[in-house]
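First up is the structure itself, then whatever we jot down about it.
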Amino acid sequence: MAYTCSMAASSITTRLALFLAIFSSLLHLYVSYYEFQVGDNDGWVVPPKNNSKIYNDWASKRRFTVDDYIRFKYTKDSVMEVTPIDYERCNSSYPHFFSNNGDTIFKLNHTGPFYFISGVAGHCERGQRMIVKVISQQKDDYASAAGGGRSVGASNLVIVLIHFVSLCLVSYLF
Ligand SMILES: *[C@@H]1O[C@H](CO)[C@@H](O)[C@H](O)[C@H]1NC(C)=O
Ligand SMILES: *[C@@H]1O[C@H](CO)[C@@H](O)[C@H](O)[C@H]1NC(C)=O
Ligand SMILES: *[C@@H]1O[C@H](CO)[C@@H](O)[C@H](O)[C@H]1NC(C)=O
């Protein structure tokens, strides 16, 4: 990446390097994951009778990459991550992961499918379950990610601008 700001004087090189290191780490953190809210504004609920596949429809329209987060919002319900067989059978006996605090943030920490069900009796059977398929992260792929419901792609240009402006600011400040 080329910067047209005048280069800083050598006496402040160390401080500049430190600033850049910190700033780049923050930038990296910001662009390297995304948080999705399951079901958008409806949250994690028992789907309506005439539309029981809402969660798999929701998930299939989005692009999840490793280290993204999904957030479940619900009341008087729960979230479990289970095996494929337990997903098929709505078996809540041995979840890998369980939460019922009403606002669950789950990290998609590996590629491949994750299987979620509600742990409340009868809810999974009525369609409150979801498969999330996670693909590996390609850092230079933000633009194509924008079409998949991610917002990082859209804000990538803004990030580059912020980066550039900060660099210019630094060369004045130091
Ligand atoms: C389901 O039924 C409700 C009304 O009961 C209706 O508003 C909604 O559009 C229906 N959804 C689908 C996918 O058919
Ligand atoms: C749930 O799965 C466990 C084993 O994983 C099994 O022992 C149990 O019988 C199953 N329960 C139901 C209701 O299928
Ligand atoms: C993902 O997270 C789970 C639960 O915290 C953990 O058991 C598992 O080892 C993690 N997998 C990877 C690949 O980090």
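Residue numbers start at 1 in each chain; chains themselves are named A, B, ... in the order of the structure tokens; ligands are numbered from 1 in the order shown.
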Exercise for the section: Give as a list of chain:residue names the residues surrounding ligand 1 up to a distance of 10 Å, considering only C-alpha atoms and all ligand atoms. Expected result: A:Pro47, A:Pro48, A:Lys49, A:Asn50, A:Asn51, A:Ser52, A:Lys53, A:Ile54
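Near ligand 3, at a distance of at most 10 Å and with only C-alpha atoms and all ligand atoms counted, sit the residues Val66, Asp67, Glu81, His96, Phe97, Phe106, Lys107, Leu108, Asn109, His110 and Thr111 of chain A.
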Exercise for the section: Report as a PyMOL selection string which protein, DNA and RNA residues come within 12 Å of ligand 2, using only C-alpha atoms and all ligand atoms. Expected result: chain A and resi 82-96+121-122+125
Those same residues - N, CA and C atoms - I'd like them written as a short mmCIF file (atom, residue, chain, number, x, y, z; two decimals), in the first residue's frame.
data_model
loop_
_atom_site.label_atom_id
_atom_site.label_comp_id
_atom_site.auth_asym_id
_atom_site.auth_seq_id
_atom_site.Cartn_x
_atom_site.Cartn_y
_atom_site.Cartn_z
N VAL A 82 -25.05 -29.24 19.05
CA VAL A 82 -25.14 -30.69 19.22
C VAL A 82 -24.53 -31.43 18.02
N THR A 83 -24.51 -32.75 18.09
CA THR A 83 -24.02 -33.56 16.96
C THR A 83 -25.07 -33.57 15.85
N PRO A 84 -24.66 -33.95 14.63
CA PRO A 84 -25.64 -34.03 13.53
C PRO A 84 -26.80 -34.97 13.86
N ILE A 85 -26.50 -36.08 14.50
CA ILE A 85 -27.55 -37.06 14.83
C ILE A 85 -28.53 -36.47 15.85
N ASP A 86 -27.97 -35.80 16.87
CA ASP A 86 -28.84 -35.18 17.87
C ASP A 86 -29.66 -34.04 17.27
N TYR A 87 -29.07 -33.37 16.26
CA TYR A 87 -29.82 -32.34 15.54
C TYR A 87 -31.02 -32.96 14.83
N GLU A 88 -30.76 -34.04 14.09
CA GLU A 88 -31.84 -34.70 13.35
C GLU A 88 -32.95 -35.17 14.29
N ARG A 89 -32.54 -35.69 15.44
CA ARG A 89 -33.52 -36.28 16.38
C ARG A 89 -34.04 -35.29 17.41
N CYS A 90 -33.53 -34.06 17.36
CA CYS A 90 -33.89 -33.07 18.40
C CYS A 90 -33.59 -33.62 19.79
N ASN A 91 -32.44 -34.24 19.92
CA ASN A 91 -32.06 -34.83 21.20
C ASN A 91 -31.18 -33.85 21.98
N SER A 92 -31.71 -33.38 23.09
CA SER A 92 -31.02 -32.35 23.87
C SER A 92 -30.27 -32.93 25.08
N SER A 93 -30.05 -34.26 25.09
CA SER A 93 -29.46 -34.89 26.27
C SER A 93 -27.97 -34.58 26.47
N TYR A 94 -27.22 -34.50 25.36
CA TYR A 94 -25.76 -34.34 25.48
C TYR A 94 -25.21 -33.23 24.60
N PRO A 95 -25.58 -31.99 24.89
CA PRO A 95 -25.07 -30.91 24.04
C PRO A 95 -23.55 -30.70 24.23
N HIS A 96 -22.87 -30.30 23.15
CA HIS A 96 -21.47 -29.85 23.27
C HIS A 96 -21.44 -28.53 24.00
N ALA A 121 -38.22 -28.28 25.50
CA ALA A 121 -38.99 -29.42 24.97
C ALA A 121 -39.97 -28.96 23.90
N GLY A 122 -39.91 -29.62 22.74
CA GLY A 122 -40.85 -29.36 21.67
C GLY A 122 -40.44 -28.27 20.69
N GLU A 125 -38.44 -29.59 17.50
CA GLU A 125 -39.36 -30.30 16.62
C GLU A 125 -40.21 -29.33 15.79
#
Problem - Selection: 12 Å around Asn101 in chain A, only C-alpha atoms, excl. self and same-chain fewer than 3 positions, as a VMD selection string - result: chain A and resid 71 to 80 98 104 to 105
Practice task
Give the helix (DSSP H, G or I) residues of range 77-124 of chain A, as assigned by DSSP on the backbone, as number ranges by chain.
Solution key: A: 84-89
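For Pro113 in chain A, the residues within 9 Å (counting only C-alpha atoms, excluding itself and residues fewer than 6 positions away along the chain) are Pro84, Ile131, Val132, Lys133, Val134 and Ile135 of chain A.
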Any chance you could export the current selection's C-alpha atoms as a compact mmCIF listing (two decimals), in the first residue's frame?
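And here is the file that came out, result.txt:
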# COMPACT_ATOMS: atom_id res chain seq x y z
CA PRO A 84 -25.64 -34.03 13.53
CA ILE A 131 -27.24 -25.66 10.57
CA VAL A 132 -24.48 -23.09 10.10
CA LYS A 133 -21.82 -23.94 7.53
CA VAL A 134 -18.48 -22.28 8.11
CA ILE A 135 -15.84 -21.80 5.44
Exercise for the section: Calculate how many Å separate CA of Arg63 in chain A from CA of Val38 in chain A, rounding to one decimal. Expected result: 12.8 Å
Exercise for the section: Rank A:Gly39, A:Ser136, A:Tyr55, A:Leu18 by their smallest atom-to-atom distance to Asp68 in chain A, using only C-alpha atoms, and report the top residue only. Expected result: A:Ser136
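One distance worth recording is that between CA of Leu20 in chain A and CA of Tyr33 in chain A, which is 20.4 Å.
Of note, CA of Tyr34 in chain A and CA of Tyr69 in chain A are spaced 6.2 Å apart.
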Handout entry: DSSP-assigned strand (DSSP E) members of range 12-93 of chain A, reported as an MDAnalysis selection string
Key = chainID A and resid 35:37 64:65 69:73 79:82
Put those residues in a file: N, CA and C atoms, as a compact mmCIF listing (two decimals), in the first residue's frame.
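Dumped to selection.txt:
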# COMPACT_ATOMS: atom_id res chain seq x y z
N GLU A 35 -20.03 -10.37 13.50
CA GLU A 35 -21.05 -10.97 14.36
C GLU A 35 -22.41 -10.92 13.66
N PHE A 36 -23.05 -12.07 13.58
CA PHE A 36 -24.37 -12.17 12.96
C PHE A 36 -25.41 -12.35 14.05
N GLN A 37 -26.52 -11.65 13.96
CA GLN A 37 -27.60 -11.92 14.90
C GLN A 37 -28.58 -12.90 14.28
N PHE A 64 -20.52 -17.52 6.42
CA PHE A 64 -19.86 -17.55 7.71
C PHE A 64 -18.41 -18.02 7.52
N THR A 65 -17.49 -17.28 8.08
CA THR A 65 -16.10 -17.73 8.02
C THR A 65 -15.57 -17.94 9.43
N TYR A 69 -18.78 -14.66 14.78
CA TYR A 69 -19.62 -14.96 15.94
C TYR A 69 -21.07 -14.97 15.50
N ILE A 70 -21.86 -15.82 16.12
CA ILE A 70 -23.29 -15.68 15.94
C ILE A 70 -23.90 -15.44 17.32
N ARG A 71 -24.90 -14.57 17.31
CA ARG A 71 -25.51 -14.14 18.56
C ARG A 71 -26.98 -14.55 18.57
N PHE A 72 -27.38 -15.22 19.64
CA PHE A 72 -28.77 -15.66 19.78
C PHE A 72 -29.42 -14.79 20.84
N LYS A 73 -30.55 -14.17 20.46
CA LYS A 73 -31.32 -13.39 21.44
C LYS A 73 -32.67 -14.06 21.64
N VAL A 79 -30.09 -22.35 23.88
CA VAL A 79 -29.35 -22.70 22.67
C VAL A 79 -28.42 -23.85 22.99
N MET A 80 -28.42 -24.85 22.12
CA MET A 80 -27.47 -25.95 22.26
C MET A 80 -26.77 -26.17 20.95
N GLU A 81 -25.49 -26.52 21.05
CA GLU A 81 -24.77 -26.98 19.87
C GLU A 81 -24.61 -28.47 20.06
N VAL A 82 -25.05 -29.24 19.05
CA VAL A 82 -25.14 -30.69 19.22
C VAL A 82 -24.53 -31.43 18.02
